[in-house]
$ cat input.cif   # mmCIF, C-alpha atoms
data_data
#
loop_
_atom_site.label_atom_id
_atom_site.label_comp_id
_atom_site.auth_asym_id
_atom_site.auth_seq_id
_atom_site.Cartn_x
_atom_site.Cartn_y
_atom_site.Cartn_z
CA MET A 25 104.36 -18.05 227.28
CA GLY A 26 103.01 -17.76 223.77
CA LEU A 27 102.53 -14.01 223.87
CA PHE A 28 105.94 -13.07 225.11
CA THR A 29 108.28 -15.37 223.25
CA THR A 30 110.77 -13.13 221.56
CA LYS A 31 111.75 -14.40 218.17
CA LYS A 32 115.42 -14.25 217.40
CA THR A 33 115.40 -11.48 214.80
CA ALA A 34 119.14 -11.49 214.34
CA ASP A 35 118.93 -14.82 212.60
CA TYR A 36 118.34 -14.15 208.92
CA THR A 37 119.14 -16.67 206.22
CA ILE A 38 119.28 -16.01 202.51
CA ILE A 39 119.07 -18.96 200.15
CA ILE A 40 119.95 -18.39 196.53
CA GLY A 41 118.61 -20.93 194.09
CA CYS A 42 115.22 -22.54 194.60
CA GLY A 43 115.92 -26.01 193.36
CA ARG A 44 115.14 -29.17 195.29
CA LEU A 45 117.90 -28.49 197.79
CA GLY A 46 117.17 -24.79 198.19
CA ALA A 47 113.43 -25.25 198.54
CA ASN A 48 113.83 -28.11 200.98
CA LEU A 49 116.20 -26.13 203.13
CA ALA A 50 113.95 -23.06 203.01
CA ASN A 51 110.96 -25.13 204.13
CA THR A 52 112.91 -26.68 206.98
CA LEU A 53 114.33 -23.40 208.23
CA SER A 54 111.01 -21.61 207.93
CA ASP A 55 109.21 -24.42 209.80
CA GLY A 56 111.83 -24.08 212.51
CA GLY A 57 110.90 -20.42 212.96
CA GLY A 58 113.83 -18.80 211.14
CA ASN A 59 113.69 -15.73 208.94
CA VAL A 60 114.29 -16.95 205.43
CA LEU A 61 114.55 -15.25 202.08
CA ILE A 62 114.83 -17.41 199.00
CA MET A 63 115.83 -16.01 195.63
CA ASP A 64 115.60 -17.51 192.18
CA LYS A 65 115.68 -16.21 188.63
CA ASP A 66 112.60 -18.21 187.71
CA LYS A 67 109.35 -17.56 189.57
CA ASP A 68 108.06 -21.01 188.70
CA ALA A 69 110.82 -22.45 190.84
CA PHE A 70 108.96 -21.29 193.95
CA ARG A 71 106.31 -23.99 193.37
CA LYS A 72 108.67 -26.31 195.16
CA LEU A 73 108.16 -24.39 198.41
CA SER A 74 105.67 -25.90 200.81
CA PRO A 75 102.36 -24.04 201.39
CA SER A 76 103.41 -23.44 204.98
CA PHE A 77 106.57 -21.59 203.94
CA GLY A 78 106.56 -18.37 205.94
CA GLY A 79 109.56 -16.58 204.46
CA LEU A 80 110.08 -14.31 201.49
CA ALA A 81 110.38 -15.59 197.95
CA VAL A 82 112.05 -13.07 195.66
CA VAL A 83 112.51 -13.28 191.90
CA GLY A 84 115.99 -12.04 191.09
CA ASP A 85 119.39 -12.87 189.69
CA GLY A 86 121.72 -13.74 192.53
CA THR A 87 124.75 -12.61 190.55
CA ASP A 88 123.29 -9.10 190.35
CA PHE A 89 124.49 -6.48 192.85
CA ASP A 90 121.16 -4.71 193.13
CA ALA A 91 119.19 -7.90 193.63
CA LEU A 92 121.47 -8.88 196.51
CA GLN A 93 121.26 -5.41 198.00
CA ASP A 94 117.47 -5.42 197.76
CA ALA A 95 117.51 -8.70 199.68
CA GLN A 96 119.46 -6.87 202.42
CA ILE A 97 122.27 -9.35 202.15
CA GLY A 98 124.38 -7.26 204.52
CA LYS A 99 122.02 -8.16 207.34
CA ALA A 100 122.07 -11.88 206.67
CA SER A 101 123.80 -14.11 209.19
CA VAL A 102 124.04 -16.96 206.71
CA VAL A 103 123.95 -17.09 202.93
CA VAL A 104 123.45 -20.46 201.28
CA VAL A 105 124.25 -20.55 197.57
CA VAL A 106 122.67 -23.50 195.81
CA THR A 107 121.99 -22.57 192.19
CA ASN A 108 122.56 -25.25 189.59
CA ASN A 109 125.57 -23.42 188.15
CA ASP A 110 128.91 -23.93 189.86
CA ASN A 111 130.49 -20.79 188.49
CA ALA A 112 127.52 -18.65 189.48
CA ASN A 113 127.80 -20.17 192.94
CA VAL A 114 131.47 -19.23 193.10
CA MET A 115 130.72 -15.66 192.15
CA ILE A 116 127.71 -15.19 194.43
CA ALA A 117 129.54 -16.73 197.36
CA GLN A 118 132.53 -14.45 196.84
CA LEU A 119 130.29 -11.42 196.44
CA ALA A 120 128.52 -12.27 199.68
CA ARG A 121 131.77 -12.85 201.47
CA GLU A 122 134.03 -10.12 200.16
CA VAL A 123 131.68 -7.30 199.20
CA PHE A 124 128.80 -7.72 201.61
CA LYS A 125 130.91 -9.20 204.42
CA VAL A 126 128.50 -11.98 205.32
CA LYS A 127 129.97 -14.05 208.17
CA ARG A 128 128.88 -17.49 207.03
CA VAL A 129 128.63 -18.47 203.42
CA ILE A 130 127.87 -22.01 202.34
CA ALA A 131 127.94 -23.03 198.71
CA ARG A 132 127.04 -26.17 196.84
CA LEU A 133 129.55 -27.32 194.28
CA TYR A 134 128.99 -30.11 191.79
CA ASP A 135 132.59 -30.25 190.68
CA PRO A 136 134.90 -30.91 193.64
CA GLU A 137 137.92 -29.79 191.59
CA ARG A 138 137.06 -26.12 192.08
CA GLU A 139 136.73 -26.43 195.82
CA TYR A 140 139.99 -24.83 196.80
CA ILE A 141 138.96 -21.46 195.27
CA TYR A 142 136.43 -21.32 198.07
CA HIS A 143 138.68 -22.31 200.90
CA GLU A 144 140.94 -19.36 200.34
CA PHE A 145 137.98 -17.07 200.94
CA GLY A 146 136.66 -18.95 203.96
CA ILE A 147 133.57 -20.25 202.24
CA ASP A 148 132.15 -23.62 203.31
CA THR A 149 131.38 -26.00 200.49
CA ILE A 150 129.14 -28.98 200.06
CA CYS A 151 129.83 -31.36 197.26
CA PRO A 152 126.98 -33.78 196.50
CA ALA A 153 129.17 -36.16 194.53
CA VAL A 154 131.63 -36.56 197.38
CA LEU A 155 128.87 -36.88 199.99
CA SER A 156 127.02 -39.44 197.89
CA ALA A 157 130.17 -41.42 197.29
CA LYS A 158 130.85 -41.54 201.02
CA GLU A 159 127.28 -42.56 201.76
CA ILE A 160 127.27 -45.28 199.12
CA ASP A 161 130.59 -46.51 200.43
CA LYS A 162 129.09 -46.68 203.92
CA ILE A 163 126.10 -48.67 202.69
CA LEU A 164 128.35 -50.96 200.72
CA SER A 165 130.63 -51.68 203.65
CA LYS A 166 127.57 -52.37 205.80
CA THR A 167 126.11 -54.83 203.31
CA ASN A 168 129.52 -56.38 202.84
CA GLU A 169 129.79 -56.89 206.57
CA ALA A 170 126.34 -58.39 206.62
CA ALA A 171 127.20 -60.62 203.69
CA GLY A 172 130.50 -61.46 205.34
CA THR A 173 128.85 -62.57 208.59
CA GLY A 174 126.19 -64.37 206.61
CA MET A 175 128.88 -66.29 204.82
CA ALA A 176 130.62 -67.05 208.07
CA VAL A 177 127.41 -68.37 209.55
CA SER A 178 126.76 -70.59 206.62
CA ALA A 179 130.32 -71.79 206.77
CA CYS A 180 129.83 -72.64 210.43
CA GLU A 181 126.63 -74.37 209.57
CA VAL A 182 128.42 -76.42 206.96
CA GLU A 183 131.10 -77.30 209.47
CA ALA A 184 128.51 -78.23 212.08
CA LYS A 185 126.86 -80.51 209.67
CA MET B 4 161.29 -16.64 174.71
CA LYS B 5 157.89 -16.34 173.09
CA LYS B 6 155.21 -15.13 175.45
CA ILE B 7 152.35 -17.57 175.77
CA VAL B 8 148.79 -16.24 175.80
CA LEU B 9 145.71 -18.22 176.70
CA LEU B 10 142.35 -17.07 175.35
CA VAL B 11 139.27 -18.63 176.92
CA GLY B 12 135.80 -18.44 175.40
CA GLY B 13 134.48 -15.87 172.97
CA ARG B 14 134.21 -16.20 169.23
CA SER B 15 134.73 -13.07 167.17
CA LYS B 16 136.68 -11.31 169.91
CA THR B 17 138.96 -14.31 170.31
CA LYS B 18 139.40 -14.59 166.59
CA SER B 19 140.56 -11.02 166.03
CA LEU B 20 142.59 -10.95 169.23
CA ALA B 21 144.31 -14.23 168.34
CA MET B 22 145.19 -12.98 164.88
CA SER B 23 146.67 -9.74 166.14
CA LEU B 24 148.60 -11.47 168.94
CA LEU B 25 150.01 -14.07 166.58
CA LYS B 26 151.08 -11.32 164.23
CA ARG B 27 152.98 -9.71 167.08
CA GLY B 28 154.83 -12.94 167.77
CA TYR B 29 152.98 -14.38 170.74
CA GLN B 30 152.24 -18.05 171.09
CA VAL B 31 148.47 -18.31 171.43
CA THR B 32 146.17 -21.07 172.68
CA ALA B 33 142.38 -20.72 172.48
CA ILE B 34 139.89 -22.69 174.55
CA ASN B 35 136.27 -22.81 173.48
CA ASP B 36 133.43 -25.06 174.56
CA THR B 37 131.50 -24.92 171.28
CA TYR B 38 132.78 -27.30 168.65
CA GLU B 39 131.66 -25.11 165.72
CA ASP B 40 133.50 -22.11 167.15
CA CYS B 41 136.59 -24.26 167.55
CA LEU B 42 136.44 -25.21 163.89
CA LYS B 43 136.24 -21.53 162.92
CA LEU B 44 139.15 -20.67 165.21
CA ALA B 45 141.21 -23.58 163.92
CA GLU B 46 141.24 -21.93 160.50
CA ILE B 47 143.73 -19.46 161.91
CA ASP B 48 147.29 -20.47 161.19
CA LYS B 49 149.51 -21.40 164.16
CA LEU B 50 146.68 -21.06 166.68
CA THR B 51 146.31 -23.98 169.08
CA VAL B 52 142.65 -24.67 169.70
CA ILE B 53 141.22 -26.76 172.50
CA ASN B 54 137.59 -27.76 172.68
CA GLY B 55 136.37 -27.78 176.27
CA ASP B 56 134.94 -25.82 179.17
CA GLY B 57 137.64 -23.42 180.32
CA THR B 58 136.17 -23.19 183.80
CA LYS B 59 137.24 -26.79 184.41
CA PRO B 60 140.74 -27.24 185.80
CA PHE B 61 141.54 -30.29 183.66
CA VAL B 62 140.72 -28.41 180.45
CA LEU B 63 143.07 -25.63 181.48
CA GLU B 64 145.66 -28.25 182.23
CA ASP B 65 145.23 -29.71 178.74
CA ALA B 66 145.86 -26.23 177.39
CA SER B 67 149.02 -26.18 179.55
CA ALA B 68 147.83 -23.12 181.43
CA GLY B 69 150.72 -23.61 183.81
CA SER B 70 153.17 -22.31 181.23
CA ALA B 71 151.03 -19.37 180.07
CA ASP B 72 152.18 -15.83 180.77
CA ILE B 73 148.82 -14.15 180.21
CA ALA B 74 145.31 -15.58 180.48
CA ILE B 75 142.38 -13.69 178.98
CA ALA B 76 138.80 -14.72 179.79
CA LEU B 77 136.37 -13.62 177.09
CA THR B 78 133.22 -15.65 177.71
CA SER B 79 129.87 -13.89 177.80
CA LYS B 80 129.24 -14.89 181.40
CA ASP B 81 130.83 -12.86 184.18
CA GLU B 82 130.88 -15.77 186.59
CA ASP B 83 132.71 -17.97 184.10
CA ASN B 84 135.32 -15.29 183.49
CA LEU B 85 135.84 -14.89 187.21
CA VAL B 86 136.35 -18.61 187.73
CA ILE B 87 138.67 -18.91 184.73
CA CYS B 88 140.89 -16.11 185.99
CA GLU B 89 140.90 -17.35 189.57
CA LEU B 90 141.82 -20.86 188.47
CA CYS B 91 144.58 -19.53 186.23
CA LYS B 92 145.90 -17.32 188.99
CA LYS B 93 145.71 -19.69 191.91
CA ARG B 94 146.09 -23.12 190.44
CA PHE B 95 148.31 -22.46 187.48
CA SER B 96 150.06 -19.31 188.73
CA VAL B 97 149.60 -17.44 185.48
CA GLY B 98 151.40 -14.09 185.72
CA LYS B 99 148.69 -11.85 184.36
CA THR B 100 144.97 -12.45 184.15
CA VAL B 101 142.51 -10.37 182.17
CA ALA B 102 138.74 -10.68 182.43
CA LEU B 103 135.94 -9.27 180.37
CA VAL B 104 132.90 -8.20 182.41
CA SER B 105 129.51 -7.27 181.10
CA ASP B 106 128.19 -5.73 184.30
CA PRO B 107 130.08 -2.45 184.96
CA LYS B 108 129.24 -2.65 188.66
CA LYS B 109 131.35 -5.78 189.01
CA THR B 110 134.60 -4.21 187.81
CA ASP B 111 135.81 -3.31 191.31
CA PHE B 112 134.75 -6.66 192.68
CA PHE B 113 136.79 -8.46 190.03
CA TYR B 114 139.86 -6.40 190.89
CA LYS B 115 139.31 -7.20 194.53
CA MET B 116 139.29 -10.90 193.72
CA GLY B 117 142.83 -10.56 192.42
CA ILE B 118 142.30 -10.28 188.68
CA ASP B 119 145.01 -8.09 187.21
CA SER B 120 143.03 -6.35 184.54
CA VAL B 121 139.28 -6.03 184.16
CA VAL B 122 137.80 -4.84 180.91
CA CYS B 123 134.21 -3.72 180.84
CA ALA B 124 132.96 -3.63 177.29
CA ILE B 125 129.78 -1.75 178.16
CA SER B 126 131.44 1.12 179.97
CA ALA B 127 134.15 1.34 177.32
CA VAL B 128 131.56 1.56 174.57
CA THR B 129 129.37 4.03 176.46
CA SER B 130 132.26 6.33 177.15
CA ILE B 131 133.30 6.27 173.51
CA ILE B 132 129.76 7.01 172.36
CA GLU B 133 129.48 9.81 174.90
CA GLN B 134 132.66 11.39 173.69
CA GLN B 135 131.64 11.04 170.08
CA ALA B 136 128.23 12.49 170.72
CA PHE B 137 129.36 15.49 172.74
CA VAL B 138 132.46 16.47 170.85
CA GLU B 139 131.81 16.05 167.16
CA GLU B 140 135.19 17.35 166.14
CA MET B 141 137.01 14.66 167.92
CA ALA B 142 138.33 12.07 165.53
CA ASN B 143 139.72 9.74 168.12
CA ILE B 144 140.31 9.37 171.85
CA VAL B 145 142.42 6.54 173.14
CA PRO B 146 142.41 5.85 176.87
CA ILE B 147 145.62 4.47 178.34
CA GLY B 148 146.71 3.62 181.86
CA GLU B 149 143.28 2.20 182.76
CA GLY B 150 141.58 5.31 181.42
CA ARG B 151 143.43 7.78 183.61
CA VAL B 152 145.25 9.26 180.64
CA GLN B 153 143.67 10.07 177.30
CA ILE B 154 145.35 10.63 173.99
CA ALA B 155 143.08 12.61 171.66
CA GLU B 156 143.31 13.58 168.04
CA VAL B 157 141.74 17.00 167.46
CA PRO B 158 141.40 18.51 164.00
CA VAL B 159 141.58 22.32 163.82
CA TYR B 160 139.15 23.89 161.37
CA GLY B 161 139.42 27.37 159.91
CA ASN B 162 136.83 28.85 162.26
CA ALA B 163 138.46 27.56 165.44
CA PRO B 164 139.44 30.28 167.96
CA VAL B 165 143.01 28.99 168.24
CA VAL B 166 143.92 29.39 164.58
CA GLY B 167 146.95 31.66 164.23
CA LYS B 168 147.69 31.61 167.96
CA LYS B 169 150.87 30.48 169.58
CA LEU B 170 150.65 27.59 172.02
CA TRP B 171 151.44 29.73 175.05
CA GLU B 172 148.58 32.05 174.13
CA ILE B 173 146.04 29.26 174.49
CA ASN B 174 144.43 28.78 177.85
CA LEU B 175 144.60 25.01 178.10
CA PRO B 176 143.71 23.14 181.31
CA LYS B 177 146.80 22.39 183.42
CA GLU B 178 146.79 18.66 182.87
CA VAL B 179 146.70 18.83 179.10
CA ILE B 180 149.55 19.24 176.67
CA ILE B 181 149.65 19.32 172.91
CA GLY B 182 152.16 16.58 172.30
CA CYS B 183 152.31 16.67 168.55
CA ILE B 184 151.00 18.59 165.54
CA LEU B 185 150.32 16.81 162.27
CA ARG B 186 150.52 19.36 159.46
CA GLY B 187 150.09 17.95 155.98
CA ASP B 188 152.65 15.20 155.67
CA THR B 189 154.90 16.54 158.43
CA THR B 190 154.82 15.75 162.10
CA MET B 191 156.15 18.28 164.54
CA ILE B 192 156.71 18.38 168.26
CA PRO B 193 155.50 21.88 169.15
CA ARG B 194 157.06 24.43 171.48
CA GLY B 195 155.41 27.34 173.24
CA ASP B 196 155.98 29.61 170.27
CA THR B 197 154.62 27.24 167.64
CA ARG B 198 151.63 28.68 165.81
CA ILE B 199 148.53 26.60 165.21
CA LEU B 200 147.19 26.77 161.67
CA ALA B 201 143.87 25.78 160.18
CA GLY B 202 143.94 22.20 159.01
CA ASP B 203 146.34 21.07 161.72
CA MET B 204 145.70 17.86 163.55
CA LEU B 205 146.61 18.21 167.23
CA VAL B 206 147.51 15.24 169.38
CA LEU B 207 146.54 15.94 172.98
CA ILE B 208 147.71 14.10 176.04
CA SER B 209 145.50 14.71 179.02
CA GLY B 210 144.96 13.40 182.51
CA ASN B 211 141.96 13.34 184.82
CA GLY B 212 139.32 13.67 182.11
CA GLN B 213 140.40 17.18 181.15
CA GLU B 214 140.27 16.42 177.44
CA ILE B 215 136.69 17.61 176.92
CA ALA B 216 137.49 21.03 178.39
CA ALA B 217 140.65 21.23 176.33
CA ILE B 218 138.86 20.32 173.14
CA LYS B 219 136.19 22.94 173.84
CA GLU B 220 138.96 25.50 174.29
CA LEU B 221 140.63 24.46 171.05
CA THR B 222 137.59 24.13 168.82
CA GLY B 223 135.43 26.77 170.45
CA ARG B 224 132.47 24.49 170.97
#

$ encode --input "input.cif" --output "structure tokens"
Amino acid sequence: MGLFTTKKTADYTIIIGCGRLGANLANTLSDGGGNVLIMDKDKDAFRKLSPSFGGLAVVGDGTDFDALQDAQIGKASVVVVVTNNDNANVMIAQLAREVFKVKRVIARLYDPEREYIYHEFGIDTICPAVLSAKEIDKILSKTNEAAGTGMAVSACEVEAK
Amino acid sequence: MKKIVLLVGGRSKTKSLAMSLLKRGYQVTAINDTYEDCLKLAEIDKLTVINGDGTKPFVLEDASAGSADIAIALTSKDEDNLVICELCKKRFSVGKTVALVSDPKKTDFFYKMGIDSVVCAISAVTSIIEQQAFVEEMANIVPIGEGRVQIAEVPVYGNAPVVGKKLWEINLPKEVIIGCILRGDTTMIPRGDTRILAGDMLVLISGNGQEIAAIKELTGR
């Protein structure tokens, strides 16, 4: 089986921004056998990639036309934009979508207020603040429930006594 | 009704633009994220200054972007200018948005994103330098209509081939006309039989980048 497994070559992901999120995602996708290219302005950022990372790491400015072209962005099936600058993310995502016609573009956005600029262009957004808030809310409601039942139990205990 | 103009980012550009707009009777608001720059800008009379990041919707709201007629993004970062204009256009429905870009390759992209007017400082400066370097005689070329039409001021020296000729004797490119002749203190609108004299200043109107050919024809260089 090993010799003849055909790798899906059509699947090509470009990640722009090699921060914690970008690097993590690149490692995961690469471990899963995907073709990954990760781009960052700072070559030191690539230290965050795991030693087993099998994709390409390219030093370049994601807001630059030529850098994106060199990365063959037109062939990418997915572009994930996760630099630490919201406005740069907006621009790169729109470039990918409107100029290079990439089908799926996902962008990270710190400030949820700018989200609707993306929706008009069909760009998916991830907002850490909103996600974290939801998650914290979930944890809180869980602990509240637990505390609530705990209280009820003790109340019962009191009554029983 | 006074037209309201919003200037976002930039220091010296904003300052001179604000002063000239105020002089022409516009109501101007400037947004800048550096406090020191805001202090400098606030020295200008009648200019409303807001300290904040213009790429944030609430800052634009503070500057009442919703009532602005024109928004001009002058920050040094292309991505910021794009976001400012898109927010103004989509969220605050500003009638006209103008963005400065530093990367000439992004001009078309900015237009495609719905920005009404894109100004590229680098290509503007390069084209001016080019013109200055190749045609020394040229005192001044002003592009209008997004650079499709040029108005040029061409001085005629004594050794120029056109001196003493009538306008219809000059073989000018088709898309160029001599719109005006400045002779001493007088201004004249020439006809076909007007003679060009040494020392005249010709005002050319040309389309499609024909001005260089026309100037060569007129000055003989």

$ resolve_selection --input "input.cif" --expression "the PyMOL selection byres ((chain B and resi 18-33) around 12)" --output "MDAnalysis selection string"
chainID B and resid 4:17 34:37 40:57 62:68 70:78

$ interface_residues --input "input.cif" --of "chain A" --to "chain B" --cutoff "8 Å" --atoms "only C-alpha atoms" --output "list in words"
Thr87, Phe89, Asn111, Ala112, Val114, Met115, Leu119, Val123, Glu137, Arg138 and Ile141 of chain A

$ atom_distance --input "input.cif" --atom1 "CA of Gly69 in chain B" --atom2 "CA of Ile118 in chain B"
16.5 Å

$ resolve_selection --input "input.cif" --expression "the PyMOL selection byres ((chain A and resi 82) around 9)" --output "CSV table (one decimal) with C-alpha atoms, in the coordinates of the input"
chain,number,residue,atom,x,y,z
A,61,LEU,CA,114.6,-15.2,202.1
A,62,ILE,CA,114.8,-17.4,199.0
A,63,MET,CA,115.8,-16.0,195.6
A,64,ASP,CA,115.6,-17.5,192.2
A,65,LYS,CA,115.7,-16.2,188.6
A,67,LYS,CA,109.4,-17.6,189.6
A,70,PHE,CA,109.0,-21.3,194.0
A,80,LEU,CA,110.1,-14.3,201.5
A,81,ALA,CA,110.4,-15.6,198.0
A,83,VAL,CA,112.5,-13.3,191.9
A,84,GLY,CA,116.0,-12.0,191.1
A,95,ALA,CA,117.5,-8.7,199.7

$ closest_residue --input "input.cif" --among "A:Leu92, A:Ala171, A:Val104, A:Ile97" --to "Ala47 in chain A" --atoms "all atoms listed in the file"
A:Val104

$ residues_around --input "input.cif" --residues "Pro158 in chain B" --least-positions-apart "4" --cutoff "7 Å" --atoms "all atoms listed in the file" --output "PyMOL selection string"
chain B and resi 140+202-205

$ atom_distance --input "input.cif" --atom1 "CA of Thr107 in chain A" --atom2 "CA of Asp88 in chain A"
13.7 Å

$ atom_distance --input "input.cif" --atom1 "CA of Val104 in chain B" --atom2 "CA of Gln118 in chain A"
15.7 Å

$ residues_around --input "input.cif" --residues "Pro193 in chain B" --least-positions-apart "4" --cutoff "9 Å" --atoms "all atoms listed in the file" --output "VMD selection string"
chain B and resid 170 181 to 184 197 to 198

$ resolve_selection --input "input.cif" --expression "the PyMOL selection byres ((chain A and resi 73) around 8)" --output "PyMOL selection string"
chain A and resi 47-48+50-51+70-72+74-75+77

$ residues_around --input "input.cif" --residues "Leu133 in chain A" --least-positions-apart "5" --cutoff "9 Å" --atoms "only C-alpha atoms" --output "list in words"
Val106, Asn108, Asn109, Asp110, Asn111, Asn113, Val114, Arg138, Glu139, Thr149, Ile150, Cys151, Pro152 and Ala153 of chain A

$ residues_around --input "input.cif" --residues "Ile180 in chain B" --least-positions-apart "5" --cutoff "8 Å" --atoms "all atoms listed in the file" --output "number ranges by chain"
B: 175, 207-209

$ write_last_selection --input "input.cif" --atoms "C-alpha atoms" --output "PDB file, in the coordinates of the input"
ATOM      1  CA  LEU B 175     144.600  25.010 178.100  1.00  0.00           C
ATOM      2  CA  LEU B 207     146.540  15.940 172.980  1.00  0.00           C
ATOM      3  CA  ILE B 208     147.710  14.100 176.040  1.00  0.00           C
ATOM      4  CA  SER B 209     145.500  14.710 179.020  1.00  0.00           C
TER       5      SER B 209
END

$ residues_around --input "input.cif" --residues "range 119-125 of chain B" --least-positions-apart "6" --cutoff "7 Å" --atoms "only C-alpha atoms" --output "MDAnalysis selection string"
chainID B and resid 99:105 107 110 113

$ closest_residue --input "input.cif" --among "B:Glu39, B:Glu214, B:Ala201, B:Phe95" --to "Gly161 in chain B" --atoms "all atoms listed in the file"
B:Ala201

$ residues_near_point --input "input.cif" --point "(113.8, -25.1, 190.2)" --cutoff "7 Å" --atoms "only C-alpha atoms" --output "list in words"
Cys42, Gly43, Arg44 and Ala69 of chain A
